[in-house]
$ cat model-v3.cif   # mmCIF, C-alpha atoms and all ligand atoms
data_model
loop_
_atom_site.label_atom_id
_atom_site.label_comp_id
_atom_site.auth_asym_id
_atom_site.auth_seq_id
_atom_site.Cartn_x
_atom_site.Cartn_y
_atom_site.Cartn_z
CA MET A 207 -8.70 -0.51 -11.94
CA PRO A 208 -12.23 -1.83 -11.83
CA ASP A 209 -15.16 0.49 -11.21
CA VAL A 210 -17.21 -2.35 -9.78
CA HIS A 211 -15.83 -4.51 -7.00
CA ALA A 212 -16.69 -8.13 -6.30
CA LEU A 213 -17.93 -8.97 -2.83
CA LEU A 214 -14.92 -11.28 -2.47
CA SER A 215 -12.51 -8.90 -4.15
CA ALA A 216 -8.94 -9.96 -4.74
CA SER A 217 -7.63 -6.74 -3.19
CA SER A 218 -9.42 -7.48 0.09
CA SER A 219 -8.65 -11.21 0.01
CA LYS A 220 -6.08 -11.07 2.79
CA GLN A 221 -8.85 -9.67 4.97
CA TRP A 222 -11.57 -12.19 4.14
CA LEU A 223 -9.16 -15.12 4.22
CA HIS A 224 -8.21 -14.24 7.81
CA CYS A 225 -11.57 -12.87 8.93
CA PRO A 226 -14.34 -14.40 6.79
CA PRO A 227 -17.32 -12.56 8.38
CA SER A 228 -15.73 -9.16 7.62
CA VAL A 229 -17.13 -9.23 4.08
CA ARG A 230 -20.77 -9.17 5.17
CA LEU A 231 -20.11 -7.04 8.28
CA GLN A 232 -18.88 -4.24 6.01
CA GLU A 233 -21.95 -4.23 3.81
CA ASN A 234 -23.69 -1.64 5.99
CA PHE A 235 -20.85 0.84 5.62
CA PRO A 236 -20.42 2.91 2.46
CA ASN A 237 -17.28 2.39 0.44
CA GLU A 238 -16.17 6.02 0.38
CA SER A 239 -13.59 7.10 -2.12
CA SER A 240 -10.55 9.03 -0.92
CA VAL A 241 -8.22 11.43 -2.65
CA TYR A 242 -5.57 8.67 -2.53
CA ALA A 243 -7.92 6.24 -4.28
CA GLU A 244 -8.72 8.85 -6.94
CA GLU A 245 -5.04 9.53 -7.48
CA GLY A 246 -4.42 5.77 -7.68
CA THR A 247 -7.13 5.39 -10.30
CA PHE A 248 -5.63 8.16 -12.42
CA ALA A 249 -2.11 6.70 -12.06
CA HIS A 250 -3.42 3.31 -13.23
CA GLU A 251 -5.00 4.98 -16.25
CA ILE A 252 -1.65 6.55 -17.12
CA CYS A 253 0.05 3.14 -16.72
CA GLU A 254 -2.53 1.63 -19.05
CA TYR A 255 -2.02 4.44 -21.55
CA LYS A 256 1.77 4.00 -21.57
CA VAL A 257 1.66 0.24 -22.03
CA ARG A 258 -1.03 0.40 -24.73
CA LYS A 259 1.00 3.06 -26.54
CA TYR A 260 4.02 0.74 -26.45
CA LEU A 261 1.80 -2.00 -27.89
CA HIS A 262 0.91 0.39 -30.78
CA GLU A 263 -2.72 0.72 -29.77
CA ARG A 264 -4.58 3.97 -30.51
CA VAL A 265 -4.93 5.63 -27.13
CA LYS A 266 -5.53 9.08 -25.74
CA ARG A 267 -3.66 10.23 -22.68
CA PRO A 268 -5.99 10.58 -19.66
CA GLN A 269 -6.25 14.11 -18.27
CA SER A 270 -6.39 15.34 -14.70
CA GLU A 271 -5.61 18.83 -13.49
CA GLU A 272 -5.32 17.60 -9.95
CA PHE A 273 -3.27 14.43 -10.32
CA ASP A 274 -1.18 14.79 -13.49
CA THR A 275 2.07 15.60 -11.70
CA GLU A 276 5.74 14.94 -12.38
CA GLU A 277 5.76 12.32 -9.67
CA ILE A 278 2.89 10.43 -11.30
CA GLU A 279 4.82 10.62 -14.56
CA GLN A 280 7.86 9.11 -12.87
CA ILE A 281 6.16 6.28 -11.02
CA THR A 282 4.09 5.27 -14.03
CA ASP A 283 7.30 5.26 -16.10
CA VAL A 284 8.77 2.75 -13.65
CA TYR A 285 5.73 0.50 -14.09
CA ALA A 286 5.63 0.81 -17.88
CA GLU A 287 9.37 0.16 -18.19
CA PHE A 288 9.04 -2.97 -16.05
CA VAL A 289 6.13 -4.34 -18.08
CA ILE A 290 7.92 -3.57 -21.34
CA SER A 291 11.06 -5.31 -20.07
CA ILE A 292 9.03 -8.49 -19.41
CA ILE A 293 7.52 -8.41 -22.89
CA GLU A 294 10.92 -7.85 -24.49
CA GLN A 295 12.51 -10.57 -22.38
CA MET A 296 9.87 -13.02 -23.60
CA ARG A 297 10.69 -12.03 -27.17
CA GLU A 298 14.33 -12.77 -26.43
CA ASN A 299 13.17 -16.11 -25.05
CA GLY A 300 11.90 -16.92 -28.52
CA CYS A 301 8.18 -16.17 -28.54
CA GLU A 302 5.84 -13.29 -29.24
CA PRO A 303 4.00 -12.87 -25.94
CA LEU A 304 0.31 -12.14 -25.52
CA ALA A 305 -0.18 -8.99 -23.48
CA PHE A 306 -3.52 -8.19 -21.84
CA VAL A 307 -3.82 -4.72 -20.34
CA GLU A 308 -6.36 -4.06 -17.55
CA GLU A 309 -7.75 -7.54 -18.07
CA ARG A 310 -10.90 -8.57 -16.27
CA VAL A 311 -10.34 -11.94 -14.63
CA ASP A 312 -12.91 -14.29 -13.18
CA TYR A 313 -11.95 -16.51 -10.24
CA SER A 314 -15.49 -17.44 -9.24
CA HIS A 315 -14.52 -21.13 -9.47
CA ILE A 316 -12.49 -20.43 -6.30
CA ALA A 317 -14.41 -17.66 -4.51
CA PRO A 318 -18.16 -17.25 -5.15
CA SER A 319 -18.84 -14.42 -7.63
CA GLY A 320 -15.14 -13.53 -7.53
CA PHE A 321 -13.77 -11.31 -10.27
CA GLY A 322 -11.32 -8.46 -10.59
CA THR A 323 -9.12 -6.54 -12.99
CA ALA A 324 -5.47 -7.47 -13.35
CA ASP A 325 -3.29 -4.52 -14.36
CA MET A 326 -1.35 -6.74 -16.74
CA LEU A 327 -1.35 -10.39 -17.82
CA ILE A 328 1.46 -11.51 -20.10
CA ILE A 329 1.65 -15.02 -21.53
CA GLY A 330 4.81 -16.32 -23.17
CA LYS A 331 7.92 -18.35 -22.40
CA ASP A 332 10.45 -18.12 -19.59
CA GLU A 333 14.24 -18.31 -19.96
CA ASN A 334 14.03 -22.14 -20.01
CA GLY A 335 11.37 -22.25 -22.69
CA ARG A 336 8.56 -23.12 -20.26
CA GLY A 337 5.09 -21.64 -20.69
CA LEU A 338 4.84 -18.60 -18.42
CA LEU A 339 1.98 -16.46 -17.14
CA HIS A 340 3.25 -13.18 -15.66
CA VAL A 341 0.82 -11.03 -13.67
CA CYS A 342 1.73 -7.43 -12.81
CA ASP A 343 0.12 -5.13 -10.29
CA PHE A 344 0.91 -1.44 -9.83
CA LYS A 345 0.71 0.07 -6.35
CA THR A 346 0.76 3.80 -5.68
CA GLY A 347 0.83 3.56 -1.87
CA LYS A 348 3.88 4.50 0.13
CA GLY A 349 2.70 3.73 3.66
CA VAL A 350 3.19 -0.01 3.62
CA PHE A 351 5.56 -2.19 1.65
CA VAL A 352 3.59 -4.76 -0.37
CA ASP A 353 5.35 -8.07 -0.94
CA ALA A 354 4.47 -10.34 -3.87
CA ASP A 355 5.45 -13.49 -1.95
CA HIS A 356 2.29 -15.65 -1.64
CA ASN A 357 0.24 -12.46 -2.08
CA SER A 358 -3.37 -13.66 -2.22
CA GLN A 359 -4.51 -10.76 -4.43
CA MET A 360 -1.93 -11.66 -7.06
CA MET A 361 -2.64 -15.38 -6.74
CA LEU A 362 -6.35 -14.82 -7.32
CA TYR A 363 -5.63 -12.71 -10.40
CA ALA A 364 -3.31 -15.45 -11.63
CA LEU A 365 -5.99 -18.10 -11.03
CA GLY A 366 -8.39 -15.93 -13.03
CA GLY A 367 -5.78 -15.68 -15.79
CA LEU A 368 -5.30 -19.44 -15.79
CA ALA A 369 -9.06 -20.00 -15.91
CA ALA A 370 -9.27 -17.82 -19.02
CA TYR A 371 -6.13 -18.85 -20.88
CA GLY A 372 -4.81 -21.99 -19.20
CA PHE A 373 -6.72 -24.19 -21.63
CA LEU A 374 -5.34 -22.45 -24.69
CA TYR A 375 -1.71 -22.11 -23.67
CA ASP A 376 0.65 -24.56 -22.07
CA ILE A 377 1.38 -22.57 -18.91
CA GLU A 378 3.74 -24.28 -16.46
CA ILE A 379 5.08 -21.37 -14.44
CA VAL A 380 3.32 -18.38 -12.91
CA ARG A 381 5.12 -15.17 -11.93
CA MET A 382 3.49 -12.38 -10.00
CA SER A 383 5.09 -8.94 -9.69
CA ILE A 384 4.15 -5.97 -7.58
CA ILE A 385 5.52 -2.65 -8.77
CA GLN A 386 5.42 -0.05 -5.98
CA PRO A 387 7.70 2.75 -7.19
CA ARG A 388 7.10 5.13 -4.29
CA LEU A 389 8.90 2.64 -2.05
CA ASP A 390 11.43 1.55 -4.69
CA ASN A 391 9.76 -1.84 -4.48
CA ILE A 392 9.55 -4.31 -7.33
CA SER A 393 8.77 -7.67 -5.82
CA THR A 394 8.26 -10.90 -7.78
CA PHE A 395 6.99 -14.28 -6.62
CA GLU A 396 7.13 -17.38 -8.78
CA CYS A 397 5.44 -20.74 -8.37
CA SER A 398 4.37 -23.65 -10.51
CA ARG A 399 0.90 -23.77 -12.01
CA GLN A 400 0.19 -26.81 -9.84
CA GLU A 401 1.20 -24.98 -6.65
CA LEU A 402 -1.09 -22.09 -7.53
CA GLU A 403 -4.03 -24.37 -8.32
CA ASP A 404 -3.50 -26.31 -5.06
CA TRP A 405 -3.59 -23.04 -3.14
CA GLY A 406 -6.81 -22.10 -4.93
CA GLU A 407 -8.40 -25.40 -3.86
CA SER A 408 -7.22 -24.89 -0.28
CA ILE A 409 -8.98 -21.53 0.14
CA LYS A 410 -12.34 -22.60 -1.30
CA PRO A 411 -13.95 -23.47 2.10
CA THR A 412 -12.86 -20.13 3.60
CA ALA A 413 -14.10 -18.23 0.56
CA LEU A 414 -17.49 -19.91 0.94
CA LEU A 415 -17.61 -19.00 4.65
CA ALA A 416 -16.80 -15.40 3.73
CA PHE A 417 -19.48 -15.29 1.06
CA GLU A 418 -22.04 -16.62 3.52
CA GLY A 419 -20.94 -14.24 6.29
CA LYS A 420 -19.90 -17.07 8.57
CA GLY A 421 -16.75 -17.89 10.52
CA GLU A 422 -14.88 -16.17 13.33
CA GLN A 423 -13.87 -12.52 13.49
CA HIS A 424 -10.13 -12.39 13.76
CA PRO A 425 -8.27 -9.07 14.14
CA GLY A 426 -4.90 -8.60 12.51
CA ASP A 427 -3.05 -6.31 10.15
CA TRP A 428 -5.73 -7.09 7.52
CA CYS A 429 -8.17 -4.89 9.54
CA ARG A 430 -6.50 -1.81 8.06
CA PHE A 431 -9.05 -1.24 5.30
CA CYS A 432 -12.03 -2.96 6.93
CA ARG A 433 -14.96 -0.53 6.96
CA ALA A 434 -16.44 -2.27 10.00
CA LYS A 435 -13.30 -1.58 12.05
CA PRO A 436 -14.61 1.36 14.13
CA VAL A 437 -17.50 -0.74 15.41
CA CYS A 438 -15.86 -4.16 15.29
CA LYS A 439 -16.30 -5.96 18.58
CA ALA A 440 -13.29 -8.21 18.05
CA CYS A 441 -11.04 -5.18 17.51
CA ALA A 442 -12.45 -3.45 20.58
CA ASP A 443 -11.96 -6.60 22.66
CA GLU A 444 -8.37 -6.89 21.51
CA ALA A 445 -7.61 -3.22 22.19
CA LEU A 446 -9.25 -3.19 25.59
CA ALA A 447 -7.57 -6.46 26.55
CA LEU A 448 -4.26 -4.66 26.24
CA CYS A 449 -5.19 -2.69 29.32
CA ARG A 450 -6.01 -5.80 31.29
CA GLU A 451 -3.53 -8.03 33.02
CA ASP A 452 -4.65 -11.13 31.14
CA PHE A 453 -3.16 -9.66 27.95
CA LEU A 454 -0.02 -8.12 29.36
CA ASP A 455 0.56 -9.65 32.74
CA LEU A 456 2.69 -7.08 34.45
CA ASP A 457 4.07 -9.74 36.77
CA ALA A 458 4.34 -12.77 34.52
CA GLY A 459 3.41 -11.72 30.97
CA ALA A 460 5.15 -9.69 28.31
CA PHE A 461 6.42 -7.28 30.93
CA ASP A 462 8.01 -9.91 33.14
CA ASP A 463 10.44 -8.22 35.49
CA THR A 464 10.92 -11.04 37.96
CA THR A 465 14.40 -11.80 36.72
CA GLU A 466 15.54 -8.24 37.24
CA GLU A 467 17.14 -7.10 40.42
CA SER A 468 15.03 -4.43 42.16
CA ASP A 469 16.92 -1.19 42.33
CA MET A 470 14.86 1.92 41.56
CA THR A 471 17.94 4.11 41.76
CA ALA A 472 19.84 2.25 39.05
CA PRO A 473 20.48 4.12 35.77
CA TYR A 474 18.03 3.26 32.99
CA GLU A 475 19.54 1.08 30.33
CA ALA A 476 17.18 0.18 27.52
CA ASP A 477 19.23 -2.77 26.33
CA THR A 478 18.20 -5.63 28.60
CA ASN A 479 21.25 -7.66 27.64
CA THR A 480 23.45 -5.36 29.61
CA ALA A 481 23.97 -6.00 33.27
CA VAL A 482 23.13 -2.45 34.38
CA PHE A 483 19.36 -2.73 33.75
CA LYS A 484 17.94 -3.12 37.21
CA GLN A 485 14.82 -0.93 37.36
CA PRO A 486 11.63 -2.99 37.71
CA GLY A 487 9.55 0.19 37.33
CA LEU A 488 10.66 0.69 33.71
CA ILE A 489 10.01 -1.46 30.67
CA PRO A 490 12.97 -2.70 28.63
CA ILE A 491 12.87 -2.25 24.85
CA SER A 492 12.91 -6.00 24.24
CA GLU A 493 9.53 -6.26 25.97
CA LEU A 494 8.12 -3.17 24.23
CA ALA A 495 9.11 -4.85 20.95
CA GLU A 496 6.81 -7.77 21.81
CA ILE A 497 3.75 -5.54 21.83
CA LEU A 498 4.69 -3.26 18.90
CA PRO A 499 2.65 -5.14 16.25
CA THR A 500 -0.44 -5.07 18.46
CA LEU A 501 0.10 -1.42 19.41
CA ASN A 502 0.27 -0.43 15.73
CA ARG A 503 -3.04 -2.12 15.13
CA ILE A 504 -4.66 -0.67 18.23
CA SER A 505 -3.55 2.86 17.43
CA SER A 506 -5.02 2.43 13.96
CA TRP A 507 -8.27 1.15 15.56
CA ILE A 508 -8.39 4.16 17.91
CA GLU A 509 -7.96 6.53 14.94
CA ALA A 510 -10.72 4.71 13.07
CA VAL A 511 -13.09 4.98 16.05
CA PHE A 512 -12.46 8.73 16.40
CA ALA A 513 -12.84 9.28 12.65
CA PHE A 514 -16.09 7.30 12.52
CA VAL A 515 -17.68 8.92 15.57
CA SER A 516 -16.57 12.41 14.43
CA SER A 517 -18.00 11.83 10.98
CA GLU A 518 -21.30 10.61 12.42
CA ALA A 519 -21.53 13.75 14.58
CA ILE A 520 -20.26 16.33 12.05
CA ASN A 521 -21.64 14.97 8.79
CA HIS A 522 -24.82 13.29 9.98
CA GLY A 523 -25.73 15.25 13.11
CA VAL A 524 -25.69 12.19 15.34
CA PRO A 525 -25.57 13.34 18.99
CA ILE A 526 -22.60 11.88 20.88
CA PRO A 527 -23.25 11.90 24.65
CA GLY A 528 -20.70 14.05 26.47
CA TYR A 529 -19.38 15.62 23.24
CA LYS A 530 -20.23 18.60 21.04
CA VAL A 531 -19.19 19.87 17.61
CA VAL A 532 -17.18 23.12 17.57
CA GLU A 533 -15.26 25.15 14.99
CA GLY A 534 -11.50 24.65 14.91
CA ARG A 535 -8.88 27.37 14.49
CA SER A 536 -8.54 28.78 11.02
CA LYS A 537 -5.96 30.94 9.22
CA ARG A 538 -6.56 34.27 7.47
CA ILE A 539 -6.72 34.06 3.68
CA PHE A 540 -6.97 36.58 0.80
CA THR A 541 -10.39 36.50 -0.78
CA ASP A 542 -9.33 38.22 -4.05
CA THR A 543 -5.63 37.95 -4.95
CA LYS A 544 -5.94 40.20 -8.02
CA ALA A 545 -7.43 43.00 -5.91
CA VAL A 546 -4.68 42.45 -3.35
CA VAL A 547 -1.94 42.87 -5.98
CA ASP A 548 -3.63 45.91 -7.60
CA THR A 549 -4.10 47.65 -4.28
CA ALA A 550 -0.54 46.94 -3.13
CA VAL A 551 0.93 48.22 -6.45
CA GLN A 552 -1.24 51.35 -6.41
CA ASN A 553 0.17 52.09 -3.01
CA GLY A 554 3.78 51.74 -4.11
CA TYR A 555 4.57 48.21 -2.97
CA THR A 556 6.49 46.22 -5.57
CA ASP A 557 8.18 43.20 -3.96
CA LEU A 558 5.12 41.00 -4.12
CA TYR A 559 6.36 37.76 -5.70
CA LYS A 560 8.99 35.16 -4.85
CA GLN A 561 11.03 33.38 -7.55
CA THR A 562 11.96 29.74 -6.99
CA LEU A 563 13.91 27.20 -9.05
CA ILE A 564 11.78 24.68 -10.92
CA THR A 565 12.05 21.11 -9.62
CA LEU A 566 14.41 18.43 -10.87
CA THR A 567 11.50 16.63 -12.51
CA GLU A 568 10.32 19.82 -14.19
CA PHE A 569 13.84 20.30 -15.60
CA GLU A 570 13.78 16.71 -16.85
CA LYS A 571 10.40 17.21 -18.49
CA MET A 572 11.52 20.49 -20.07
CA MET A 573 14.82 19.13 -21.44
CA GLY A 574 13.97 15.47 -21.99
CA LYS A 575 15.79 12.71 -20.08
CA LYS A 576 18.77 12.48 -22.43
CA LYS A 577 19.57 16.21 -22.50
CA PHE A 578 18.91 16.49 -18.80
CA ASN A 579 21.47 13.76 -18.04
CA GLU A 580 23.94 15.28 -20.46
CA LEU A 581 23.72 18.81 -19.06
CA LEU A 582 22.77 18.38 -15.43
CA GLY A 583 23.42 14.72 -14.61
CA ALA A 584 26.68 15.60 -12.83
CA TYR A 585 24.76 17.76 -10.35
CA VAL A 586 22.18 15.14 -9.40
CA ALA A 587 22.49 13.01 -6.28
CA LYS A 588 20.05 10.76 -4.45
CA PRO A 589 20.48 11.27 -0.71
CA PRO A 590 19.70 8.34 1.58
CA GLY A 591 16.06 8.08 2.63
CA LYS A 592 14.86 8.91 6.13
CA LEU A 593 15.47 6.01 8.49
CA ALA A 594 12.41 4.08 9.59
CA LEU A 595 11.84 1.18 11.96
CA VAL A 596 9.88 -1.53 10.13
CA PRO A 597 8.98 -5.15 10.91
CA GLU A 598 11.57 -7.80 10.05
CA SER A 599 9.21 -9.15 7.37
CA ASP A 600 9.79 -5.98 5.31
CA PRO A 601 11.87 -7.09 2.29
CA ARG A 602 14.18 -4.05 2.26
CA GLU A 603 17.81 -4.55 3.25
CA PRO A 604 18.57 -3.32 6.79
CA VAL A 605 20.74 -0.23 7.08
CA ASP A 606 24.23 -0.66 8.48
CA LEU A 607 23.89 1.73 11.41
CA THR A 608 27.61 1.69 12.08
CA SER A 609 28.13 3.60 8.83
CA ALA A 610 24.79 5.48 8.57
CA PRO A 611 24.78 9.11 9.67
CA ASP A 612 22.77 9.99 12.77
CA GLN A 613 19.14 10.50 11.80
CA GLU A 614 15.76 10.72 13.40
CA PHE A 615 13.64 7.65 12.66
CA SER A 616 9.95 6.96 12.33
CA VAL A 617 7.96 3.77 12.84
CA LEU A 618 5.97 2.28 9.99
CA PRO A 619 3.01 0.01 10.69
CA ASP A 620 3.16 -3.73 10.07
CA GLU A 621 0.24 -3.70 7.67
CA GLU A 622 -0.56 -4.08 4.01
S1 LIG B 1 -12.07 -5.04 11.75
FE1 LIG B 1 -13.17 -6.75 12.67
S2 LIG B 1 -14.47 -7.51 11.06
FE2 LIG B 1 -12.95 -6.23 10.09
S3 LIG B 1 -11.29 -7.62 9.50
FE3 LIG B 1 -10.79 -6.85 11.52
S4 LIG B 1 -11.63 -8.34 12.95
FE4 LIG B 1 -12.58 -8.70 10.98
#

$ encode --input "model-v3.cif" --output "structure tokens"
Amino acid sequence: MPDVHALLSASSSKQWLHCPPSVRLQENFPNESSVYAEEGTFAHEICEYKVRKYLHERVKRPQSEEFDTEEIEQITDVYAEFVISIIEQMRENGCEPLAFVEERVDYSHIAPSGFGTADMLIIGKDENGRGLLHVCDFKTGKGVFVDADHNSQMMLYALGGLAAYGFLYDIEIVRMSIIQPRLDNISTFECSRQELEDWGESIKPTALLAFEGKGEQHPGDWCRFCRAKPVCKACADEALALCREDFLDLDAGAFDDTTEESDMTAPYEADTNTAVFKQPGLIPISELAEILPTLNRISSWIEAVFAFVSSEAINHGVPIPGYKVVEGRSKRIFTDTKAVVDTAVQNGYTDLYKQTLITLTEFEKMMGKKKFNELLGAYVAKPPGKLALVPESDPREPVDLTSAPDQEFSVLPDEE
């Protein structure tokens, strides 16, 4: 992952392509790192290490006391195995591929000053002997499913790859893969070189607008990582419009109940297709579904506003009219665990520790994958994941609820 980010970064391209002024509007807000970002950086370093090791390069494994966990080992294995499978497939296709790990790519011919770092660029041949550029990107997130289909981040990396190597190699086909192991997601999009280059040409005017800080603010799921979100007027307008009748006309808009028979005593039936729904005072699920995407975005905006205002007050001492900073509840803790143990033992207490079984991954690490499967494989099962309601655009297969066991479900946001 790059340490320095371009103004028109590939990772934020969905945002600036939909809302060009967002790039300059964010400049006044610091790009603060989070523990997730730090973990992501470390995981990328492990991915790089594993692929370089496979390529017989001299590399030293990155160290991190905080992030070097079994789970990181597993998800980076998924990435490395995928990349290796592409390289080996190209060898089977009759060529020795060129593999570029953590390759800096320049797409400034499309977006002013645009550059980035592609996790992996591989150049070789496809199954039909055509010149192929394959771009891979590793994602550690598990909140939102990231699809490779027409993914602008991947397409910009690919355009950067073509700019660097397209003159040297006869590339006809471009494949772009996102590897997101925490959601069991490996998504690949393929297009012709011409299609990619046409797309690049088509976004040039918008990229220029973004670079110059011009264009219209346009809220959408791309606001998720916009640092200007808490103070964005367009977001506030959209959120506040939800409370006004012009957005959700309670008589004629999304919550149109004019076709329903008025009977406040009728039993509530959420499914509006059934004849028994007759209560005009309650909202049917079909109409709630219409506002779900906007509600997700608004709830995320509300959280961002609270986080921003709280941070201004708590971390920078900014007075917030009508509010004050107080201490929250806290739990008791031991200040010196060694002294606690010594004192307890001296006073005759012995049952001080709990013993728990090491995790499945720890067993696997201890025994090695082969021995683990041989000895314990018969006792391993993968239970179905917790059910979640996601937008239809999510590429996962829907669950057959007639055969799925009853479960609680949670709602995931429609955002990248
Ligand atoms: S938060 Fe505002 S400025 Fe940022 S992307 Fe959304 S609409 Fe644009």

$ residues_near_ligand --input "model-v3.cif" --ligand "ligand LIG 1 (chain B)" --cutoff "6 Å" --atoms "all atoms listed in the file" --output "list of chain:residue names"
A:Gln221, A:Cys225, A:Ser228, A:Gln423, A:His424, A:Pro425, A:Trp428, A:Cys429, A:Cys432, A:Ala434, A:Lys435, A:Cys438, A:Ala440, A:Cys441

$ residues_around --input "model-v3.cif" --residues "stretch 270-272 of chain A" --least-positions-apart "3" --cutoff "9 Å" --atoms "all atoms listed in the file" --output "PyMOL selection string"
chain A and resi 245+248+275

$ closest_residue --input "model-v3.cif" --among "A:Leu368, A:Glu279, A:Lys537, A:Glu422" --to "A:Gln400" --atoms "only C-alpha atoms"
A:Leu368

$ closest_residue --input "model-v3.cif" --among "A:Val532, A:Lys266, A:Val352, A:Ala243" --to "A:Ser393" --atoms "only C-alpha atoms"
A:Val352

$ axis_aligned_box --input "model-v3.cif" --around "stretch 272-276 of chain A" --padding-each-side "4 Å" --output "JSON"
{"center_x": 0.2, "center_y": 16.0, "center_z": -11.7, "size_x": 19.1, "size_y": 11.2, "size_z": 11.5}

$ closest_residue --input "model-v3.cif" --among "A:Ile278, A:Val380, A:Ile316, A:Leu582" --to "A:Leu414" --atoms "only C-alpha atoms"
A:Ile316

$ atom_distance --input "model-v3.cif" --atom1 "atom CA of A:Gly335" --atom2 "atom CA of A:Ala369"
21.6 Å

$ residues_around --input "model-v3.cif" --residues "A:Ile281" --least-positions-apart "5" --cutoff "10 Å" --atoms "only C-alpha atoms" --output "list in words"
Ala249, Ile252, Cys253, Glu276, Ala286, Glu287, Phe344, Lys345, Thr346, Ile385, Gln386, Pro387, Arg388 and Asp390 of chain A

$ atom_distance --input "model-v3.cif" --atom1 "atom CA of A:Gln280" --atom2 "atom CA of A:Tyr363"
25.8 Å

$ closest_residue --input "model-v3.cif" --among "A:Leu448, A:Val437, A:Met573, A:Leu402" --to "A:Phe235" --atoms "all atoms listed in the file"
A:Val437

$ closest_residue --input "model-v3.cif" --among "A:Ile564, A:Ala317, A:Trp507, A:Lys348" --to "A:Ser408" --atoms "only C-alpha atoms"
A:Ala317

$ atom_distance --input "model-v3.cif" --atom1 "atom CA of A:Ser398" --atom2 "atom CA of A:Glu378"
6.0 Å

$ residues_around --input "model-v3.cif" --residues "stretch 416-419 of chain A" --least-positions-apart "4" --cutoff "9 Å" --atoms "all atoms listed in the file" --output "list in words"
Leu213, Leu214, Trp222, Leu223, Cys225, Pro226, Pro227, Ser228, Val229, Arg230, Leu231, Ala317, Pro318, Ser319, Pro411 and Thr412 of chain A

$ closest_residue --input "model-v3.cif" --among "A:Leu558, A:Glu254, A:Val586, A:Gly372" --to "A:Glu570" --atoms "all atoms listed in the file"
A:Val586

$ residues_near_point --input "model-v3.cif" --point "(11.7, -9.1, -7.7)" --cutoff "10 Å" --atoms "only C-alpha atoms" --output "CSV table (one decimal) with C-alpha atoms, in the coordinates of the input"
chain,number,residue,atom,x,y,z
A,353,ASP,CA,5.4,-8.1,-0.9
A,354,ALA,CA,4.5,-10.3,-3.9
A,355,ASP,CA,5.4,-13.5,-2.0
A,381,ARG,CA,5.1,-15.2,-11.9
A,382,MET,CA,3.5,-12.4,-10.0
A,383,SER,CA,5.1,-8.9,-9.7
A,384,ILE,CA,4.2,-6.0,-7.6
A,385,ILE,CA,5.5,-2.6,-8.8
A,391,ASN,CA,9.8,-1.8,-4.5
A,392,ILE,CA,9.6,-4.3,-7.3
A,393,SER,CA,8.8,-7.7,-5.8
A,394,THR,CA,8.3,-10.9,-7.8
A,395,PHE,CA,7.0,-14.3,-6.6
A,396,GLU,CA,7.1,-17.4,-8.8

$ residues_near_point --input "model-v3.cif" --point "(-3.7, 4.6, 14.5)" --cutoff "12 Å" --atoms "only C-alpha atoms" --output "PyMOL selection string"
chain A and resi 427+429-430+435-436+445+499-513+617-621

$ residues_around --input "model-v3.cif" --residues "A:Tyr313" --least-positions-apart "3" --cutoff "7 Å" --atoms "only C-alpha atoms" --output "count of residues only"
7

$ decode --input "model-v3.cif" --residues "stretch 254-263 of chain A" --atoms "N, CA and C atoms" --output "PDB file, in the first residue's frame"
ATOM      1  N   GLU A 254       2.562  -9.177   0.393  1.00  0.00           N
ATOM      2  CA  GLU A 254       3.731  -8.887  -0.449  1.00  0.00           C
ATOM      3  C   GLU A 254       4.853  -9.873  -0.134  1.00  0.00           C
ATOM      4  N   TYR A 255       5.075 -10.089   1.160  1.00  0.00           N
ATOM      5  CA  TYR A 255       6.133 -11.011   1.596  1.00  0.00           C
ATOM      6  C   TYR A 255       5.899 -12.415   1.027  1.00  0.00           C
ATOM      7  N   LYS A 256       4.638 -12.887   1.107  1.00  0.00           N
ATOM      8  CA  LYS A 256       4.350 -14.260   0.671  1.00  0.00           C
ATOM      9  C   LYS A 256       4.532 -14.418  -0.837  1.00  0.00           C
ATOM     10  N   VAL A 257       4.094 -13.399  -1.590  1.00  0.00           N
ATOM     11  CA  VAL A 257       4.216 -13.513  -3.048  1.00  0.00           C
ATOM     12  C   VAL A 257       5.686 -13.393  -3.463  1.00  0.00           C
ATOM     13  N   ARG A 258       6.408 -12.468  -2.838  1.00  0.00           N
ATOM     14  CA  ARG A 258       7.831 -12.315  -3.190  1.00  0.00           C
ATOM     15  C   ARG A 258       8.603 -13.592  -2.845  1.00  0.00           C
ATOM     16  N   LYS A 259       8.221 -14.212  -1.729  1.00  0.00           N
ATOM     17  CA  LYS A 259       8.897 -15.455  -1.329  1.00  0.00           C
ATOM     18  C   LYS A 259       8.653 -16.527  -2.395  1.00  0.00           C
ATOM     19  N   TYR A 260       7.407 -16.594  -2.871  1.00  0.00           N
ATOM     20  CA  TYR A 260       7.083 -17.560  -3.929  1.00  0.00           C
ATOM     21  C   TYR A 260       7.916 -17.276  -5.191  1.00  0.00           C
ATOM     22  N   LEU A 261       8.158 -15.978  -5.424  1.00  0.00           N
ATOM     23  CA  LEU A 261       8.927 -15.592  -6.620  1.00  0.00           C
ATOM     24  C   LEU A 261      10.444 -15.707  -6.392  1.00  0.00           C
ATOM     25  N   HIS A 262      10.824 -16.320  -5.252  1.00  0.00           N
ATOM     26  CA  HIS A 262      12.237 -16.559  -4.899  1.00  0.00           C
ATOM     27  C   HIS A 262      13.020 -15.271  -4.692  1.00  0.00           C
ATOM     28  N   GLU A 263      12.347 -14.242  -4.201  1.00  0.00           N
ATOM     29  CA  GLU A 263      13.070 -13.012  -3.862  1.00  0.00           C
ATOM     30  C   GLU A 263      13.513 -13.111  -2.406  1.00  0.00           C
TER      31      GLU A 263
END
